[in-house]
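Q: Sharing input-v8.cif here; it has mmCIF, C-alpha atoms and all ligand atoms.
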data_work
#
loop_
_atom_site.label_atom_id
_atom_site.label_comp_id
_atom_site.auth_asym_id
_atom_site.auth_seq_id
_atom_site.Cartn_x
_atom_site.Cartn_y
_atom_site.Cartn_z
CA MET Z 21 44.25 16.86 57.82
CA LEU Z 22 46.35 17.45 54.71
CA THR Z 23 50.10 16.92 54.53
CA ASP Z 24 52.82 17.65 52.03
CA TYR Z 25 55.90 15.74 53.13
CA HIS Z 26 57.65 15.08 49.87
CA LEU Z 27 59.11 18.51 49.09
CA HIS Z 28 62.46 19.58 47.73
CA LEU Z 29 63.80 23.01 48.60
CA ARG Z 30 66.47 22.58 45.94
CA LEU Z 31 65.79 22.49 42.21
CA ASP Z 32 67.42 19.56 40.42
CA GLU Z 33 69.51 21.87 38.25
CA ASP Z 34 70.34 24.42 40.98
CA ASP Z 35 74.11 24.45 41.40
CA ARG Z 36 74.34 27.47 43.72
CA PRO Z 37 75.53 26.86 47.27
CA PRO Z 38 72.36 25.78 49.14
CA GLU Z 39 72.89 28.16 52.06
CA ARG Z 40 72.47 31.02 49.58
CA SER Z 41 69.46 29.77 47.60
CA ALA Z 42 67.63 26.58 48.64
CA PHE Z 43 68.22 26.32 52.38
CA THR Z 44 67.23 29.85 53.32
CA THR Z 45 64.46 31.19 55.54
CA GLU Z 46 63.11 33.18 52.61
CA ASN Z 47 62.78 30.07 50.43
CA VAL Z 48 61.05 28.12 53.22
CA GLU Z 49 58.67 31.01 53.85
CA GLY Z 50 57.45 30.67 50.26
CA TYR Z 51 56.65 26.97 50.80
CA VAL Z 52 54.93 27.67 54.13
CA ALA Z 53 52.80 30.44 52.61
CA ALA Z 54 51.79 28.18 49.70
CA ALA Z 55 50.86 25.39 52.13
CA LYS Z 56 48.76 27.74 54.22
CA LYS Z 57 46.90 28.87 51.10
CA ALA Z 58 46.23 25.23 50.16
CA GLY Z 59 45.01 24.35 53.68
CA ILE Z 60 47.95 22.01 54.35
CA GLU Z 61 48.72 21.71 58.06
CA GLU Z 62 51.75 19.42 58.01
CA LEU Z 63 54.67 20.31 55.81
CA GLY Z 64 58.08 18.70 55.56
CA CYS Z 65 61.01 18.57 53.22
CA SER Z 66 62.76 15.49 51.95
CA GLU Z 67 65.84 16.45 50.00
CA HIS Z 68 67.40 13.75 47.80
CA VAL Z 69 70.01 11.74 49.69
CA TYR Z 70 72.30 11.87 46.65
CA ARG Z 71 72.66 15.65 47.03
CA PHE Z 72 74.80 14.98 50.10
CA THR Z 73 78.41 13.85 50.18
CA ASP Z 74 77.51 11.18 52.77
CA ALA Z 75 75.51 9.39 50.06
CA LEU Z 76 78.72 8.30 48.34
CA GLU Z 77 79.20 5.86 51.20
CA ILE Z 78 76.01 4.15 49.98
CA TRP Z 79 76.54 4.22 46.23
CA ARG Z 80 78.96 5.65 43.69
CA HIS Z 81 76.78 5.96 40.63
CA PRO Z 82 78.15 8.61 38.20
CA PHE Z 83 74.96 10.69 38.70
CA TRP Z 84 75.48 10.60 42.48
CA GLU Z 85 79.17 11.47 42.09
CA GLN Z 86 78.10 14.52 40.10
CA GLN Z 87 75.30 15.56 42.51
CA ALA Z 88 76.80 14.87 45.94
CA ARG Z 89 78.00 18.25 47.20
CA ASP Z 90 75.89 19.32 50.18
CA ASP Z 91 76.44 18.62 53.85
CA LEU Z 92 73.75 16.43 55.42
CA ASP Z 93 74.30 17.72 58.97
CA ALA Z 94 73.97 21.31 57.78
CA TYR Z 95 70.69 20.44 56.01
CA CYS Z 96 69.27 18.77 59.13
CA GLU Z 97 70.33 21.67 61.33
CA PHE Z 98 68.81 24.19 58.93
CA VAL Z 99 65.46 22.39 58.66
CA ARG Z 100 65.20 22.28 62.46
CA THR Z 101 65.29 26.10 62.48
CA THR Z 102 62.14 26.14 60.28
CA PRO Z 103 58.51 25.01 60.82
CA LEU Z 104 59.12 22.10 58.42
CA ARG Z 105 59.28 18.47 59.44
CA LEU Z 106 62.66 16.92 58.69
CA GLY Z 107 62.63 14.20 56.08
CA LEU Z 108 64.91 12.70 53.46
CA GLU Z 109 64.19 10.99 50.13
CA VAL Z 110 66.47 7.97 49.99
CA ASP Z 111 66.97 5.70 46.98
CA PHE Z 112 66.74 2.03 47.81
CA VAL Z 113 70.10 0.57 46.76
CA PRO Z 114 69.94 -3.24 46.90
CA GLY Z 115 72.89 -4.63 48.83
CA ALA Z 116 73.57 -1.31 50.58
CA GLU Z 117 70.94 -1.73 53.31
CA ASP Z 118 73.45 -1.65 56.19
CA ARG Z 119 75.23 1.44 54.89
CA SER Z 120 71.88 3.15 54.28
CA ALA Z 121 70.69 2.28 57.79
CA SER Z 122 73.80 3.71 59.41
CA LEU Z 123 73.45 6.98 57.47
CA LEU Z 124 69.81 7.26 58.57
CA ASP Z 125 70.47 6.26 62.18
CA GLY Z 126 72.95 9.10 62.52
CA HIS Z 127 70.20 11.73 62.08
CA ASP Z 128 67.02 12.70 63.81
CA PHE Z 129 64.52 12.52 60.93
CA ASP Z 130 60.75 12.82 61.31
CA TYR Z 131 60.36 10.42 58.41
CA VAL Z 132 62.34 8.77 55.62
CA ILE Z 133 60.88 8.40 52.14
CA GLY Z 134 62.14 5.43 50.13
CA SER Z 135 62.36 5.66 46.34
CA VAL Z 136 63.17 3.43 43.44
CA HIS Z 137 64.53 5.61 40.63
CA PHE Z 138 67.25 3.23 39.41
CA LEU Z 139 67.24 -0.42 38.40
CA GLY Z 140 70.90 -1.37 38.45
CA ASP Z 141 72.65 1.69 37.05
CA ARG Z 142 69.81 2.70 34.70
CA ALA Z 143 66.95 5.02 35.68
CA VAL Z 144 63.21 4.79 35.08
CA ASP Z 145 62.76 8.59 35.33
CA HIS Z 146 66.02 10.15 34.09
CA ASP Z 147 66.68 10.35 30.37
CA GLY Z 148 70.43 10.69 30.94
CA TYR Z 149 70.56 7.11 32.24
CA ASP Z 150 67.38 5.85 30.57
CA ILE Z 151 66.75 2.16 31.22
CA TRP Z 152 64.83 1.94 27.96
CA GLU Z 153 68.06 2.52 26.02
CA THR Z 154 69.50 -0.75 27.29
CA GLU Z 155 66.34 -2.79 28.03
CA GLY Z 156 63.61 -2.87 25.41
CA ASP Z 157 61.31 -5.41 27.04
CA PRO Z 158 58.58 -3.67 29.07
CA ASP Z 159 57.68 -6.93 30.84
CA ALA Z 160 61.24 -7.19 32.20
CA VAL Z 161 61.40 -3.52 33.23
CA TRP Z 162 58.02 -3.47 35.00
CA ARG Z 163 58.63 -6.80 36.70
CA ARG Z 164 62.04 -5.69 37.98
CA TYR Z 165 60.76 -2.28 39.05
CA PHE Z 166 57.97 -3.67 41.28
CA GLU Z 167 60.20 -6.45 42.63
CA THR Z 168 62.71 -3.79 43.65
CA LEU Z 169 59.90 -1.74 45.21
CA ALA Z 170 58.92 -4.85 47.18
CA GLU Z 171 62.52 -5.17 48.40
CA ALA Z 172 62.51 -1.50 49.37
CA ALA Z 173 59.32 -2.04 51.41
CA GLY Z 174 60.73 -5.15 53.04
CA SER Z 175 64.05 -3.47 53.91
CA GLY Z 176 62.46 -1.71 56.88
CA LEU Z 177 64.53 1.39 56.07
CA PHE Z 178 61.61 3.63 55.13
CA ASP Z 179 58.45 5.16 56.60
CA ILE Z 180 56.91 6.02 53.23
CA LEU Z 181 57.33 4.59 49.72
CA ALA Z 182 57.53 7.44 47.19
CA HIS Z 183 55.71 7.61 43.84
CA PRO Z 184 55.04 3.84 43.94
CA ASP Z 185 54.54 3.29 40.20
CA LEU Z 186 57.22 5.69 38.94
CA VAL Z 187 58.03 3.20 36.14
CA LYS Z 188 55.01 4.61 34.25
CA MET Z 189 56.45 8.16 34.31
CA TRP Z 190 57.13 8.48 30.58
CA GLY Z 191 53.59 7.44 29.68
CA ARG Z 192 53.23 6.66 25.99
CA ALA Z 193 56.76 7.86 25.28
CA ARG Z 194 58.12 4.47 26.41
CA PRO Z 195 56.99 0.85 25.89
CA HIS Z 196 54.18 -0.45 28.09
CA PRO Z 197 53.60 -4.11 29.01
CA GLU Z 198 50.52 -5.79 27.57
CA ARG Z 199 49.73 -7.80 30.68
CA ASP Z 200 47.29 -6.48 33.33
CA PRO Z 201 49.48 -4.21 35.51
CA ARG Z 202 48.07 -5.84 38.66
CA PHE Z 203 50.31 -8.81 37.86
CA TYR Z 204 53.36 -6.58 38.40
CA TYR Z 205 51.91 -4.76 41.42
CA GLU Z 206 51.28 -7.95 43.38
CA PRO Z 207 54.73 -8.60 44.94
CA ALA Z 208 55.04 -4.92 45.91
CA VAL Z 209 51.59 -4.78 47.52
CA GLU Z 210 52.31 -7.98 49.44
CA ALA Z 211 55.59 -6.53 50.78
CA ILE Z 212 53.87 -3.24 51.64
CA ALA Z 213 51.23 -5.08 53.65
CA GLU Z 214 53.82 -7.17 55.47
CA SER Z 215 56.13 -4.26 56.28
CA GLY Z 216 53.48 -1.69 57.19
CA VAL Z 217 55.29 1.04 55.21
CA ALA Z 218 52.99 3.91 54.15
CA VAL Z 219 52.23 4.32 50.44
CA GLU Z 220 52.64 7.78 48.97
CA VAL Z 221 49.90 9.30 46.87
CA SER Z 222 51.80 11.85 44.78
CA THR Z 223 50.43 14.47 42.45
CA ALA Z 224 53.87 14.78 40.80
CA GLY Z 225 52.78 12.31 38.12
CA LEU Z 226 50.30 14.92 36.86
CA ARG Z 227 53.26 17.17 36.02
CA LYS Z 228 55.11 14.38 34.17
CA PRO Z 229 54.52 12.96 30.66
CA VAL Z 230 52.17 10.26 32.06
CA ARG Z 231 49.81 12.95 33.43
CA GLU Z 232 48.50 10.64 36.14
CA ILE Z 233 48.69 10.56 39.93
CA TYR Z 234 51.10 8.01 41.45
CA PRO Z 235 49.94 5.31 42.12
CA ALA Z 236 47.41 4.10 39.53
CA PRO Z 237 43.91 3.43 40.91
CA ALA Z 238 44.40 -0.35 40.65
CA PHE Z 239 47.60 -0.18 42.70
CA ALA Z 240 45.95 2.05 45.30
CA THR Z 241 42.88 -0.16 45.69
CA MET Z 242 45.05 -3.26 46.04
CA CYS Z 243 46.92 -1.45 48.85
CA VAL Z 244 43.62 -0.43 50.49
CA GLU Z 245 42.43 -4.05 50.39
CA ALA Z 246 45.75 -5.12 51.93
CA GLY Z 247 45.25 -2.66 54.80
CA ALA Z 248 48.07 -0.26 53.90
CA ALA Z 249 48.47 3.28 55.26
CA PHE Z 250 48.84 6.25 52.93
CA ALA Z 251 50.74 9.53 52.83
CA LEU Z 252 49.93 12.50 50.60
CA SER Z 253 52.50 14.70 48.85
CA SER Z 254 53.16 16.87 45.81
CA ASP Z 255 56.93 16.25 45.34
CA ALA Z 256 57.20 20.01 44.71
CA HIS Z 257 60.62 21.41 43.83
CA VAL Z 258 59.33 25.01 43.91
CA ALA Z 259 56.90 26.73 46.29
CA ALA Z 260 54.30 27.15 43.53
CA ASP Z 261 53.85 23.35 43.35
CA VAL Z 262 53.14 22.82 47.07
CA GLY Z 263 49.77 21.09 47.35
CA HIS Z 264 49.58 20.86 43.55
CA ALA Z 265 46.25 19.31 42.38
CA TYR Z 266 45.28 18.24 45.90
CA GLU Z 267 41.55 18.50 45.09
CA SER Z 268 41.95 15.71 42.50
CA ALA Z 269 44.17 13.68 44.83
CA VAL Z 270 41.82 13.90 47.81
CA SER Z 271 38.80 13.06 45.68
CA ALA Z 272 40.62 10.09 44.08
CA MET Z 273 41.69 8.87 47.51
CA GLY Z 274 38.05 9.04 48.64
CA ASP Z 275 37.05 6.96 45.60
CA TRP Z 276 39.72 4.39 46.47
CA GLY Z 277 38.39 4.07 50.02
CA ILE Z 278 41.20 5.95 51.80
CA GLU Z 279 39.87 7.77 54.85
CA GLN Z 280 43.05 8.51 56.80
CA ILE Z 281 46.53 9.78 56.15
CA ALA Z 282 49.78 9.13 57.92
CA VAL Z 283 51.42 11.88 59.97
CA PHE Z 284 55.01 11.51 61.21
CA GLU Z 285 57.08 12.89 64.04
CA ARG Z 286 60.55 11.54 64.91
CA ARG Z 287 59.72 8.43 62.88
CA GLU Z 288 56.56 7.69 64.89
CA ARG Z 289 53.40 7.41 62.80
CA ARG Z 290 49.85 8.27 63.61
CA LEU Z 291 46.78 8.32 61.37
CA GLU Z 292 44.55 11.36 60.95
CA PRO Z 293 41.28 11.77 59.06
CA LEU Z 294 42.00 12.79 55.44
CA GLY Z 295 40.78 16.14 54.17
ZN ZN J 301 61.70 10.65 43.68
ZN ZN J 302 61.26 13.75 45.25
#
Write the structure described by the file as structure tokens, please.
Ligand SMILES: [Zn+2]
Ligand SMILES: [Zn+2]

A:
Amino acid sequence: MLTDYHLHLRLDEDDRPPERSAFTTENVEGYVAAAKKAGIEELGCSEHVYRFTDALEIWRHPFWEQQARDDLDAYCEFVRTTPLRLGLEVDFVPGAEDRSASLLDGHDFDYVIGSVHFLGDRAVDHDGYDIWETEGDPDAVWRRYFETLAEAAGSGLFDILAHPDLVKMWGRARPHPERDPRFYYEPAVEAIAESGVAVEVSTAGLRKPVREIYPAPAFATMCVEAGAAFALSSDAHVAADVGHAYESAVSAMGDWGIEQIAVFERRERRLEPLG
């Protein structure tokens, strides 16, 4: 079984009304056709929570204020008319756990993907709010990133943790800590093991400056040793990226000792043989 659950129908910079561009049968058909070609049986979309006006009840970051235009109910209703599983990519906002839970409880998702893009009001993957402009110490950034990821795992809000080492996204274009990265991974892996949340293997990193799958092999093998479950996704924002570089991902997962992947329906998880 192969899955691609972390998909966006909407391009980040697409400002057209979604019912005319992103959330259309024609657009979904492109994703479904690409999945079929790549041998992917389970497909789902997970639009960013901050695209929806409801998200402003969770957080009022200037980026969210600028992005929050779509209607979450309309998105959910549309996805249910397609063959896609219904997911959502939700930023973990420390302190907003109750508000996040009530937004999620109000909808019938197949799965919820938790992400850490922001540390405070600065982002690890967005140059408009770049954390490295205000924090120069890579030890502090990496430590805080993985501690926040641990909190996200422990929150119980999510079925899958997205791109688990996103902090490396800029590769050599940003400072890198000197310490063995396993030191930073440790609290996150411990929280993942305790919570049972699935860890996403994402080929999106190959399309970013770091040119590496998320997570790094050391992070993945620590999760395997801790007994974690895994999900597989491309984080495509266009149909052409569905199943991107899955041969490398599946072979890496084999090397790391991953034999099964997580499949979700109405927030129930089962494990299927990978491949
Ligand atoms: Zn993300
Ligand atoms: Zn995403």

Q: Using all atoms listed in the file, find each protein or nucleic acid residue lying at most 9 Å from ligand ZN 301 (chain J); present the set as a PyMOL selection string.

A: chain Z and resi 26+68+109-111+133-137+145+182-183+186+255

Q: Can you pull out every residue within 7 Å of range 72-81 of chain Z, counting only C-alpha atoms, but drop anything in the same chain fewer than 5 positions away, and send it as an MDAnalysis selection string?

A: chainID Z and resid 88:92 116 119:120 141

Q: I need the residue nearest Glu288 in chain Z from this list: Z:Tyr149, Z:Tyr131, Z:Tyr204, Z:Trp190. Use all atoms listed in the file for the distance.

A: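 Looking only at the distances to Glu288 in chain Z, the closest residue turns out to be Z:Tyr131.
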
Q: Can you work out the spacing between CA of Trp276 in chain Z and CA of Pro237 in chain Z in Å, to one decimal?

A: 7.0 Å

Q: Nearest residue to ligand ZN 302 (chain J) out of Z:Arg71, Z:Arg202, Z:Lys57, Z:Arg142, using all atoms listed in the file?

A: Z:Arg71

Q: May I ask which of the residues Z:Gly277, Z:Gly225, Z:Gly140, Z:Pro82 is the closest one to ligand ZN 302 (chain J), counting all atoms listed in the file?

A: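 Of Z:Gly277, Z:Gly225, Z:Gly140, Z:Pro82, the one nearest ligand ZN 302 (chain J) is Z:Gly225, counting all atoms listed in the file.
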
Q: Let me make sure I understand: among Z:Pro207, Z:Gly126, Z:Gly216, Z:Pro158, which one has the smallest atom-to-atom distance to Arg194 in chain Z if we use all atoms listed in the file?

A: Z:Pro158

Q: So how many Å separate CA of Glu67 in chain Z and CA of Lys228 in chain Z, to one decimal?

A: 19.2 Å

Q: So, with only C-alpha atoms as the atoms that count, which of Z:Ala211, Z:Leu124, Z:Val258, Z:Ala251 lies closest to Val270 in chain Z?

A: Z:Ala251

Q: Go ahead and compute the interatomic distance for CA of Val99 in chain Z and CA of Trp84 in chain Z, in Å to one decimal.

A: 22.4 Å

Q: So that I can check the surroundings of Asp32 in chain Z, please list as a list in words every protein, DNA and RNA residue that reaches within 10 Å of it, counting only C-alpha atoms and ignoring chain neighbours fewer than 3 positions away.

A: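 Once the adjacent positions are removed, what remains is His28, Leu29, Asp35, His68, Arg71, Gln87 and His257 of chain Z.
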
Q: Which residue out of Z:Thr44, Z:Thr168, Z:Ile180, Z:Ala173 has the minimum interatomic distance to ligand ZN 302 (chain J) when all atoms listed in the file are used?

A: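 Among Z:Thr44, Z:Thr168, Z:Ile180, Z:Ala173, it is Z:Ile180 that comes nearest to ligand ZN 302 (chain J).
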